[in-house]
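*Asks:* If it helps, the file is called target_36.txt and holds compact mmCIF, C-alpha atoms:
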# COMPACT_ATOMS: atom_id res chain seq x y z
CA MET A 983 5.88 12.02 -14.43
CA SER A 984 7.37 15.50 -14.05
CA ASP A 985 4.00 16.70 -12.69
CA VAL A 986 4.13 13.97 -10.06
CA LEU A 987 7.66 14.94 -9.02
CA ALA A 988 6.67 18.62 -8.84
CA ALA A 989 3.65 17.78 -6.68
CA HIS A 990 5.84 15.63 -4.46
CA GLY A 991 8.31 18.51 -4.10
CA ASP A 992 5.56 20.95 -3.13
CA LEU A 993 4.23 18.50 -0.56
CA ALA A 994 7.70 17.84 0.88
CA LYS A 995 8.32 21.59 1.25
CA THR A 996 4.98 22.12 2.97
CA GLU A 997 5.53 19.18 5.31
CA ALA A 998 8.95 20.58 6.23
CA GLU A 999 7.33 23.94 7.05
CA LEU A 1000 4.63 22.14 9.02
CA ALA A 1001 7.20 20.16 11.00
CA ALA A 1002 9.04 23.38 11.89
CA ALA A 1003 5.80 25.12 12.89
CA ASN A 1004 4.80 22.06 14.93
CA GLU A 1005 8.12 22.12 16.75
CA GLU A 1006 7.84 25.83 17.57
CA LEU A 1007 4.27 25.39 18.76
CA ARG A 1008 5.25 22.33 20.80
CA LEU A 1009 7.98 24.29 22.59
CA ASP A 1010 5.61 27.17 23.34
CA LEU A 1011 3.01 24.76 24.66
CA ALA A 1012 5.63 22.95 26.71
CA GLN A 1013 6.62 26.27 28.29
CA ALA A 1014 2.98 27.06 28.92
CA THR A 1015 2.50 23.66 30.53
CA LEU A 1016 5.45 24.26 32.84
CA ASP A 1017 4.11 27.71 33.73
CA MET A 1018 0.75 26.32 34.73
CA VAL A 1019 1.97 23.34 36.76
CA GLY A 1020 -0.12 23.20 39.89
CA ILE A 1021 -2.91 25.44 38.58
CA ALA A 1022 -4.44 23.26 35.88
CA ASP A 1023 -5.45 19.75 34.96
CA PRO A 1024 -2.38 17.72 33.81
CA THR A 1025 -4.31 16.30 30.82
CA PRO A 1026 -2.40 18.41 28.24
CA VAL A 1027 0.91 16.80 29.18
CA SER A 1028 -0.10 13.48 27.62
CA ASP A 1029 -1.23 15.27 24.48
CA LEU A 1030 2.10 17.07 24.26
CA LEU A 1031 3.90 13.75 24.59
CA GLY A 1032 1.67 12.37 21.84
CA ALA A 1033 2.57 15.30 19.61
CA GLY A 1034 6.25 14.76 20.29
CA LEU A 1035 5.96 11.10 19.33
CA SER A 1036 4.19 12.03 16.10
CA LEU A 1037 7.02 14.40 15.18
CA TYR A 1038 9.58 11.72 16.05
CA ARG A 1039 7.78 9.26 13.78
CA GLY A 1040 7.77 11.75 10.92
CA ASP A 1041 4.04 12.46 11.10
CA PRO A 1042 3.67 16.28 11.12
CA LEU A 1043 -0.06 16.08 10.44
CA GLY A 1044 -0.58 13.82 13.46
CA ALA A 1045 1.56 16.12 15.57
CA GLY A 1046 -0.44 19.13 14.47
CA ALA A 1047 -3.70 17.47 15.42
CA SER A 1048 -2.35 16.60 18.88
CA LEU A 1049 -1.00 20.09 19.45
CA LEU A 1050 -4.23 21.77 18.39
CA GLY A 1051 -6.08 19.54 20.83
CA VAL A 1052 -3.92 20.80 23.71
CA ILE A 1053 -4.60 24.50 23.23
CA PRO A 1054 -8.06 24.75 24.88
CA TYR A 1055 -6.67 23.18 28.07
CA VAL A 1056 -3.60 25.40 28.16
CA GLY A 1057 -5.33 28.62 27.18
CA ASP A 1058 -7.88 28.56 29.98
CA ALA A 1059 -5.19 28.48 32.64
CA ILE A 1060 -2.19 30.26 31.20
CA GLY A 1061 -4.13 33.30 29.98
CA LYS A 1062 -4.67 34.48 33.55
CA THR A 1063 -1.18 36.10 33.82
CA ALA A 1064 0.47 38.90 31.79
CA LYS A 1065 3.31 36.61 30.76
CA GLY A 1066 0.79 33.93 29.98
CA ALA A 1067 -1.27 36.31 27.87
CA ARG A 1068 1.73 37.11 25.69
CA LEU A 1069 2.60 33.47 25.36
CA LEU A 1070 -1.00 32.63 24.60
CA LYS A 1071 -1.03 35.21 21.80
CA LYS A 1072 2.04 33.57 20.29
CA ILE A 1073 0.46 30.15 20.70
CA GLU A 1074 -2.68 31.33 18.93
CA ALA A 1075 -0.59 32.60 16.00
CA GLY A 1076 1.22 29.27 15.93
CA ARG A 1077 -2.08 27.43 16.04
CA LYS A 1078 -3.35 29.29 12.99
CA ARG A 1079 -0.13 28.62 11.11
CA VAL A 1080 -0.19 24.91 11.93
CA ALA A 1081 -3.87 24.63 10.99
CA GLY A 1082 -3.23 26.43 7.71
CA LEU A 1083 -0.25 24.28 6.84
CA MET A 1084 -2.19 21.13 7.73
CA ALA A 1085 -4.96 22.16 5.34
CA LYS A 1086 -2.42 22.97 2.62
CA ALA A 1087 -0.62 19.65 3.11
CA ASN A 1088 -3.89 17.73 2.88
CA LYS A 1089 -4.78 19.54 -0.33
CA LEU A 1090 -1.35 18.86 -1.81
CA ARG A 1091 -1.65 15.19 -0.85
CA ALA A 1092 -4.88 15.00 -2.84
CA VAL A 1093 -3.25 16.72 -5.82
CA GLN A 1094 -0.23 14.43 -5.67
CA LYS A 1095 -2.46 11.36 -5.43
CA ALA A 1096 -4.51 12.43 -8.46
CA LYS A 1097 -1.43 13.20 -10.56
CA ALA A 1098 0.25 9.95 -9.57
CA ALA A 1099 -2.88 7.97 -10.49
CA ALA A 1100 -2.99 9.75 -13.86
CA ALA A 1101 0.67 8.88 -14.48
CA THR A 1102 -0.01 5.25 -13.58
CA ALA A 1103 -3.03 5.16 -15.90
CA LYS A 1104 -0.95 6.61 -18.74
CA ALA A 1105 1.89 4.12 -18.21
CA THR A 1106 -0.62 1.27 -18.01
CA ALA A 1107 -2.31 2.31 -21.26
CA GLU A 1108 1.02 2.68 -23.09
CA ARG A 1109 2.11 -0.79 -21.99
CA ALA A 1110 -1.25 -2.22 -23.05
CA VAL A 1111 -0.77 -1.00 -26.63
CA ARG A 1112 2.44 -2.98 -26.96
CA ALA A 1113 0.93 -6.01 -25.22
CA LYS A 1114 -2.03 -6.00 -27.61
CA ALA A 1115 0.28 -5.89 -30.62
CA LEU A 1116 2.15 -8.92 -29.32
CA GLN A 1117 -1.11 -10.71 -28.49
CA GLU A 1118 -2.29 -10.23 -32.08
CA CYS A 1119 1.02 -11.08 -33.74
CA PRO A 1120 0.71 -14.53 -35.41
CA PHE A 1121 4.26 -15.41 -34.41
CA PHE A 1122 3.67 -14.77 -30.68
CA ARG A 1123 -0.10 -15.29 -30.36
CA ASP A 1124 -0.09 -18.83 -28.97
CA ALA A 1125 2.79 -18.22 -26.56
CA VAL A 1126 1.13 -15.09 -25.20
CA ALA A 1127 -2.30 -16.73 -24.86
CA LYS A 1128 -0.84 -19.66 -22.91
CA ALA A 1129 1.77 -17.54 -21.07
CA SER A 1130 4.18 -20.33 -21.98
CA ALA A 1131 7.06 -17.87 -22.34
CA PHE A 1132 6.26 -16.05 -19.10
CA VAL A 1133 9.06 -16.55 -16.57
CA PRO A 1134 9.06 -15.30 -12.96
CA HIS A 1135 12.58 -14.82 -11.61
CA GLY A 1136 11.78 -15.65 -8.01
CA LEU A 1137 12.54 -18.48 -5.62
CA SER A 1138 14.55 -21.33 -7.09
CA ASN A 1139 13.34 -24.93 -6.98
CA ALA A 1140 15.80 -25.61 -4.16
CA GLU A 1141 14.50 -22.64 -2.17
CA VAL A 1142 10.91 -23.71 -2.79
CA ASP A 1143 11.62 -27.30 -1.76
CA GLY A 1144 13.33 -26.05 1.39
CA TYR A 1145 10.33 -23.91 2.23
CA LEU A 1146 7.88 -26.76 1.61
CA LYS A 1147 9.72 -28.84 4.22
CA SER A 1148 9.02 -26.21 6.88
CA ALA A 1149 5.90 -26.21 9.05
CA GLU A 1150 4.50 -23.25 7.08
CA GLY A 1151 5.25 -24.99 3.80
CA LYS A 1152 3.54 -28.19 4.87
CA ARG A 1153 0.43 -26.22 5.87
CA PHE A 1154 0.55 -24.51 2.48
CA LEU A 1155 0.52 -27.89 0.73
CA GLU A 1156 -2.35 -29.04 2.94
CA ARG A 1157 -4.41 -25.97 2.03
CA LEU A 1158 -3.71 -26.47 -1.66
CA ALA A 1159 -4.83 -30.09 -1.40
CA ALA A 1160 -7.97 -29.12 0.52
CA GLY A 1161 -8.82 -26.64 -2.22
CA ASP A 1162 -8.64 -29.34 -4.91
CA PRO A 1163 -9.34 -32.80 -3.41
CA ASN A 1164 -9.17 -34.48 -6.84
CA ALA A 1165 -5.60 -33.36 -7.53
CA THR A 1166 -2.72 -35.79 -7.04
CA ALA A 1167 0.12 -35.10 -4.62
CA GLN A 1168 2.39 -34.52 -7.63
CA GLN A 1169 -0.03 -31.97 -9.09
CA ILE A 1170 -0.31 -30.16 -5.75
CA ARG A 1171 3.46 -29.96 -5.40
CA ALA A 1172 3.85 -28.65 -8.95
CA ARG A 1173 1.18 -26.04 -8.24
CA ALA A 1174 2.99 -25.00 -5.07
CA ARG A 1175 6.26 -24.65 -6.95
CA GLY A 1176 4.63 -22.52 -9.63
CA GLN A 1177 3.04 -20.17 -7.11
CA LEU A 1178 6.09 -19.83 -4.87
CA ALA A 1179 8.35 -19.19 -7.87
CA THR A 1180 6.56 -15.85 -8.30
CA MET A 1181 7.84 -14.70 -4.91
CA ALA A 1182 11.03 -12.63 -4.74
CA GLU A 1183 11.61 -13.78 -1.18
CA ARG A 1184 10.63 -16.51 1.25
CA PRO A 1185 6.94 -15.82 1.93
CA LYS A 1186 5.47 -15.00 5.31
CA SER A 1187 2.46 -16.82 6.66
CA VAL A 1188 -0.20 -14.55 8.17
CA ILE A 1189 -3.73 -14.99 9.46
CA THR A 1190 -6.08 -12.48 7.91
CA GLU A 1191 -9.67 -11.42 8.43
CA SER A 1192 -9.43 -8.65 5.85
CA GLY A 1193 -10.53 -8.54 2.25
CA LEU A 1194 -8.12 -8.86 -0.66
CA VAL A 1195 -8.27 -7.36 -4.13
CA LYS A 1196 -7.41 -8.48 -7.64
CA ILE A 1197 -7.33 -6.68 -10.96
CA VAL A 1198 -8.41 -8.34 -14.20
CA PRO A 1199 -8.67 -6.87 -17.72
CA SER A 1200 -12.03 -5.11 -18.12
CA GLY A 1201 -14.82 -7.60 -18.74
CA GLY A 1202 -12.81 -10.53 -17.37
CA GLN A 1203 -13.35 -12.71 -14.33
CA VAL A 1204 -11.14 -13.71 -11.40
CA GLY A 1205 -11.54 -17.43 -12.06
CA HIS A 1206 -9.53 -19.68 -9.73
CA SER A 1207 -6.43 -17.50 -9.57
CA PRO A 1208 -4.56 -17.62 -6.24
CA TYR A 1209 -2.82 -14.27 -6.80
CA PHE A 1210 -4.22 -11.31 -4.86
CA THR A 1211 -3.00 -8.21 -3.07
CA THR A 1212 -4.19 -5.96 -0.26
CA PRO A 1213 -6.33 -2.84 -0.80
CA GLU A 1214 -3.48 -0.77 0.66
CA GLU A 1215 -0.97 -2.20 -1.80
CA PHE A 1216 -3.32 -1.52 -4.70
CA GLU A 1217 -3.47 2.12 -3.60
CA ARG A 1218 0.33 2.22 -3.56
CA ALA A 1219 0.40 0.72 -7.05
CA LYS A 1220 -1.99 3.39 -8.33
CA ALA A 1221 0.26 6.07 -6.85
CA SER A 1222 3.49 4.57 -8.22
CA GLY A 1223 3.47 6.18 -11.66
CA ARG A 1224 4.35 2.74 -13.09
CA SER A 1225 2.12 0.54 -15.20
CA LEU A 1226 0.11 -1.95 -13.16
CA ALA A 1227 1.60 -4.73 -15.28
CA ASP A 1228 5.11 -3.71 -14.26
CA TYR A 1229 4.19 -3.17 -10.60
CA PHE A 1230 2.49 -6.56 -10.20
CA GLY A 1231 4.60 -8.51 -12.72
CA LEU A 1232 1.69 -9.45 -14.97
CA PRO A 1233 1.96 -11.66 -18.07
CA LEU A 1234 1.16 -10.08 -21.45
CA LYS A 1235 -2.23 -11.80 -21.63
CA SER A 1236 -3.27 -10.01 -18.42
CA GLU A 1237 -2.26 -6.54 -19.61
CA SER A 1238 -4.98 -4.02 -20.39
CA ALA A 1239 -5.50 -0.26 -20.58
CA THR A 1240 -8.39 -0.65 -18.14
CA TYR A 1241 -9.01 -3.11 -15.33
CA ASP A 1242 -11.94 -4.26 -13.25
CA VAL A 1243 -11.18 -4.43 -9.53
CA PHE A 1244 -12.54 -7.33 -7.49
CA GLU A 1245 -12.61 -7.81 -3.73
CA MET A 1246 -12.75 -11.15 -1.93
CA THR A 1247 -13.39 -11.56 1.81
CA PRO A 1248 -12.61 -14.58 4.02
CA MET A 1249 -15.39 -16.58 5.66
CA ARG A 1250 -13.28 -16.82 8.81
CA PRO A 1251 -9.73 -15.90 9.91
CA THR A 1252 -7.66 -17.55 7.19
CA GLU A 1253 -3.97 -18.28 6.66
CA VAL A 1254 -2.36 -16.81 3.54
CA LEU A 1255 1.17 -16.28 2.26
CA THR A 1256 2.52 -12.80 1.56
CA GLY A 1257 5.70 -11.49 -0.03
CA LYS A 1258 7.20 -9.31 -2.72
CA ILE A 1259 6.52 -10.25 -6.33
CA ALA A 1260 9.58 -11.36 -8.27
CA PRO A 1261 10.72 -9.67 -11.51
CA THR A 1262 9.40 -11.37 -14.64
CA SER A 1263 10.26 -11.70 -18.32
CA GLU A 1264 8.38 -12.89 -21.38
CA LEU A 1265 9.30 -13.51 -25.03
CA ALA A 1266 12.87 -12.46 -24.13
CA THR A 1267 11.98 -8.81 -24.79
CA GLU A 1268 9.35 -7.95 -22.16
CA HIS A 1269 10.46 -7.35 -18.58
CA ASN A 1270 8.64 -6.37 -15.38
CA THR A 1271 10.42 -4.96 -12.35
CA ALA A 1272 7.52 -6.03 -10.10
CA GLY A 1273 8.20 -5.71 -6.36
CA GLY A 1274 4.60 -5.19 -5.29
CA LEU A 1275 3.06 -7.13 -2.41
CA GLN A 1276 1.44 -10.42 -3.35
CA VAL A 1277 -0.94 -12.53 -1.30
CA LEU A 1278 -1.28 -16.21 -2.20
CA VAL A 1279 -4.71 -17.68 -1.47
CA SER A 1280 -4.25 -21.44 -1.50
CA ASN A 1281 -7.82 -22.57 -0.74
CA ARG A 1282 -10.55 -20.45 -2.28
CA ALA A 1283 -13.17 -22.51 -0.42
CA ASP A 1284 -12.31 -20.44 2.67
CA TRP A 1285 -13.36 -17.25 0.87
CA HIS A 1286 -16.55 -15.68 -0.38
CA LYS A 1287 -17.03 -15.26 -4.11
CA PRO A 1288 -15.11 -12.23 -5.45
CA LYS A 1289 -17.23 -9.16 -6.12
CA LYS A 1290 -16.48 -6.35 -8.53
CA ILE A 1291 -15.96 -3.14 -6.54
CA GLY A 1292 -14.61 -0.73 -9.13
CA LYS A 1293 -12.32 -0.20 -12.06
CA PHE A 1294 -9.01 1.42 -12.99
CA PRO A 1295 -8.54 4.04 -14.14
Output the structure of this file as structure tokens.
*Replies:*
Amino acid sequence: MSDVLAAHGDLAKTEAELAAANEELRLDLAQATLDMVGIADPTPVSDLLGAGLSLYRGDPLGAGASLLGVIPYVGDAIGKTAKGARLLKKIEAGRKRVAGLMAKANKLRAVQKAKAAAATAKATAERAVRAKALQECPFFRDAVAKASAFVPHGLSNAEVDGYLKSAEGKRFLERLAAGDPNATAQQIRARARGQLATMAERPKSVITESGLVKIVPSGGQVGHSPYFTTPEEFERAKASGRSLADYFGLPLKSESATYDVFEMTPMRPTEVLTGKIAPTSELATEHNTAGGLQVLVSNRADWHKPKKIGKFP
């Protein structure tokens, strides 16, 4: 984990240098733009504004790209005067510095990502060793296999019931029922309670056309599980330095040193529920902080069959 922190520190330092270089270059280009008012196409002004917005949003790489795009416009006009030539020389030096820092930052991002993924893989493997021991222990074997001692500390029954009375909640129940026409109303409600109890907060209903991902222990299958996440959240999990079990609040039976990654895409724009995963506990000794983003898919009939797209690590 110390390697990850060191890489993060190097990246933060480089991004700070890049932000300062961006600001200096922006000011020089702004001066150049003012100097050439009336003698050149105003196109660069919008690019300068774009660069300023990128800096304001904390995106030095985006700012650098915008600023570098301005230079050809500015240089053609401003270089015609002695003052402009001096300023242009300074701008060119600034351009090279920004370009160099952008390249360095991109390289450091790749290094940080690789080290973070390695730390996550290590944490995941270490957790899996303990999980396997508990899975094989005669005293705990049945409880682990059935996840009967697995407890999500999310929405209470009262909070779930309140949500199910809302318009979103009623649609959620309808989708669950459509996904299993043979289930009774009581079974559907119990299923809804179980799924919503894994949420740390009241879920949000969204319409998605994008694919979702799910991890399963290597060699396993997705089955009929409703629990998925987004590709972006999975990338964040890999970069967290935490075990995947802790990040996604997995039960012991779902822990593994290696995972297969599946993707599932909707047949049409489809409503799903999203929210943070609640902390979990199991066997009174195992605890997951969780907090990752969860997507509840209530009717798998609206989705194509999941396909394996990779593995971790």
*Asks:* Residues at most 8 Å from Leu1275 of chain A, counting only C-alpha atoms, excluding those fewer than 5 positions away in the same chain, as a list in words?
*Replies:*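 The residues that qualify are Thr1211, Thr1212, Glu1215, Phe1230, Thr1256, Gly1257, Lys1258 and Ile1259 of chain A.
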*Asks:* Give the answer as one residue: which of A:Glu1005, A:Glu1253, A:Glu999, A:Asp1228 has the shortest atom-to-atom distance to Arg1157 of chain A, using all atoms listed in the file?
*Replies:* A:Glu1253
*Asks:* My list of candidates is A:Glu1268, A:Glu1150, A:Glu1237, A:Glu1156. Which is closest to Leu1255 of chain A when distances are computed with only C-alpha atoms?
*Replies:*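 Among A:Glu1268, A:Glu1150, A:Glu1237, A:Glu1156, it is A:Glu1150 that comes nearest to Leu1255 of chain A.
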*Asks:* I'd like the interatomic distance between atom CA of Gly991 of chain A and atom CA of Glu1006 of chain A, to a tenth of an Å.
*Replies:* 22.9 Å
*Asks:* Just the number, please: distance in Å from atom CA of Ala1081 of chain A to atom CA of Leu1000 of chain A, one decimal.
*Replies:*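 That distance, rounded to one decimal, is 9.1 Å.
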*Asks:* Rounded to one decimal place, report the atom CA of Phe1244 of chain A-atom CA of Ala1107 of chain A distance in Å.
*Replies:* 19.7 Å
*Asks:* List as number ranges by chain the residues having at least one atom at most 12 Å from position (-11.7, -21.3, -0.1) as given in the file, counting only C-alpha atoms.
*Replies:* A: 1157-1162, 1206-1208, 1246-1254, 1278-1288
*Asks:* So that I can see what lies close to Ser1138 of chain A, please list as a ChimeraX atom specification the residues with an atom at most 10 Å from it, counting all atoms listed in the file and leaving out residues fewer than 4 positions away in the same chain.
*Replies:* /A:1142-1144,1175,1178-1182
*Asks:* Pick from A:Leu993, A:Ala1098, A:Leu1146, A:Ala1127: nearest to Pro1185 of chain A, with only C-alpha atoms counted?
*Replies:* A:Leu1146
*Asks:* Because the input lacks atoms here, generate N, CA and C atoms for segment 1248-1272 of chain A and report them as a tab-separated table (two decimals), in the coordinates of the input.
*Replies:*
chain	number	residue	atom	x	y	z
A	1248	PRO	N	-12.66	-13.23	3.45
A	1248	PRO	CA	-12.61	-14.58	4.02
A	1248	PRO	C	-13.87	-14.90	4.82
A	1249	MET	N	-14.24	-16.16	4.87
A	1249	MET	CA	-15.39	-16.58	5.66
A	1249	MET	C	-15.06	-16.63	7.14
A	1250	ARG	N	-13.78	-16.74	7.43
A	1250	ARG	CA	-13.28	-16.82	8.81
A	1250	ARG	C	-11.81	-16.41	8.77
A	1251	PRO	N	-11.17	-16.19	9.93
A	1251	PRO	CA	-9.73	-15.90	9.91
A	1251	PRO	C	-9.00	-17.00	9.13
A	1252	THR	N	-8.23	-16.60	8.15
A	1252	THR	CA	-7.66	-17.55	7.19
A	1252	THR	C	-6.16	-17.31	6.99
A	1253	GLU	N	-5.41	-18.39	6.87
A	1253	GLU	CA	-3.97	-18.28	6.66
A	1253	GLU	C	-3.66	-18.07	5.18
A	1254	VAL	N	-2.81	-17.09	4.90
A	1254	VAL	CA	-2.36	-16.81	3.54
A	1254	VAL	C	-0.85	-16.58	3.56
A	1255	LEU	N	-0.25	-16.57	2.39
A	1255	LEU	CA	1.17	-16.28	2.26
A	1255	LEU	C	1.35	-14.91	1.61
A	1256	THR	N	2.27	-14.12	2.13
A	1256	THR	CA	2.52	-12.80	1.56
A	1256	THR	C	4.01	-12.62	1.27
A	1257	GLY	N	4.30	-11.78	0.31
A	1257	GLY	CA	5.70	-11.49	-0.03
A	1257	GLY	C	5.79	-10.63	-1.26
A	1258	LYS	N	6.99	-10.14	-1.55
A	1258	LYS	CA	7.20	-9.31	-2.72
A	1258	LYS	C	7.17	-10.15	-4.00
A	1259	ILE	N	6.59	-9.56	-5.04
A	1259	ILE	CA	6.52	-10.25	-6.33
A	1259	ILE	C	7.88	-10.18	-7.02
A	1260	ALA	N	8.29	-11.29	-7.59
A	1260	ALA	CA	9.58	-11.36	-8.27
A	1260	ALA	C	9.52	-10.68	-9.64
A	1261	PRO	N	10.66	-10.19	-10.13
A	1261	PRO	CA	10.72	-9.67	-11.51
A	1261	PRO	C	10.33	-10.77	-12.48
A	1262	THR	N	9.83	-10.39	-13.65
A	1262	THR	CA	9.40	-11.37	-14.64
A	1262	THR	C	9.91	-10.99	-16.02
A	1263	SER	N	9.92	-11.96	-16.92
A	1263	SER	CA	10.26	-11.70	-18.32
A	1263	SER	C	9.36	-12.57	-19.19
A	1264	GLU	N	9.23	-12.15	-20.46
A	1264	GLU	CA	8.38	-12.89	-21.38
A	1264	GLU	C	8.84	-12.60	-22.81
A	1265	LEU	N	8.89	-13.63	-23.63
A	1265	LEU	CA	9.30	-13.51	-25.03
A	1265	LEU	C	10.69	-12.91	-25.19
A	1266	ALA	N	11.48	-12.94	-24.13
A	1266	ALA	CA	12.87	-12.46	-24.13
A	1266	ALA	C	12.99	-10.95	-24.26
A	1267	THR	N	11.90	-10.27	-24.59
A	1267	THR	CA	11.98	-8.81	-24.79
A	1267	THR	C	11.18	-8.01	-23.77
A	1268	GLU	N	10.23	-8.66	-23.09
A	1268	GLU	CA	9.35	-7.95	-22.16
A	1268	GLU	C	9.79	-8.24	-20.73
A	1269	HIS	N	9.97	-7.19	-19.95
A	1269	HIS	CA	10.46	-7.35	-18.58
A	1269	HIS	C	9.63	-6.51	-17.62
A	1270	ASN	N	9.34	-7.07	-16.45
A	1270	ASN	CA	8.64	-6.37	-15.38
A	1270	ASN	C	9.53	-6.31	-14.15
A	1271	THR	N	9.65	-5.13	-13.58
A	1271	THR	CA	10.42	-4.96	-12.35
A	1271	THR	C	9.72	-5.60	-11.17
A	1272	ALA	N	8.37	-5.50	-11.18
A	1272	ALA	CA	7.52	-6.03	-10.10
A	1272	ALA	C	7.90	-5.42	-8.75
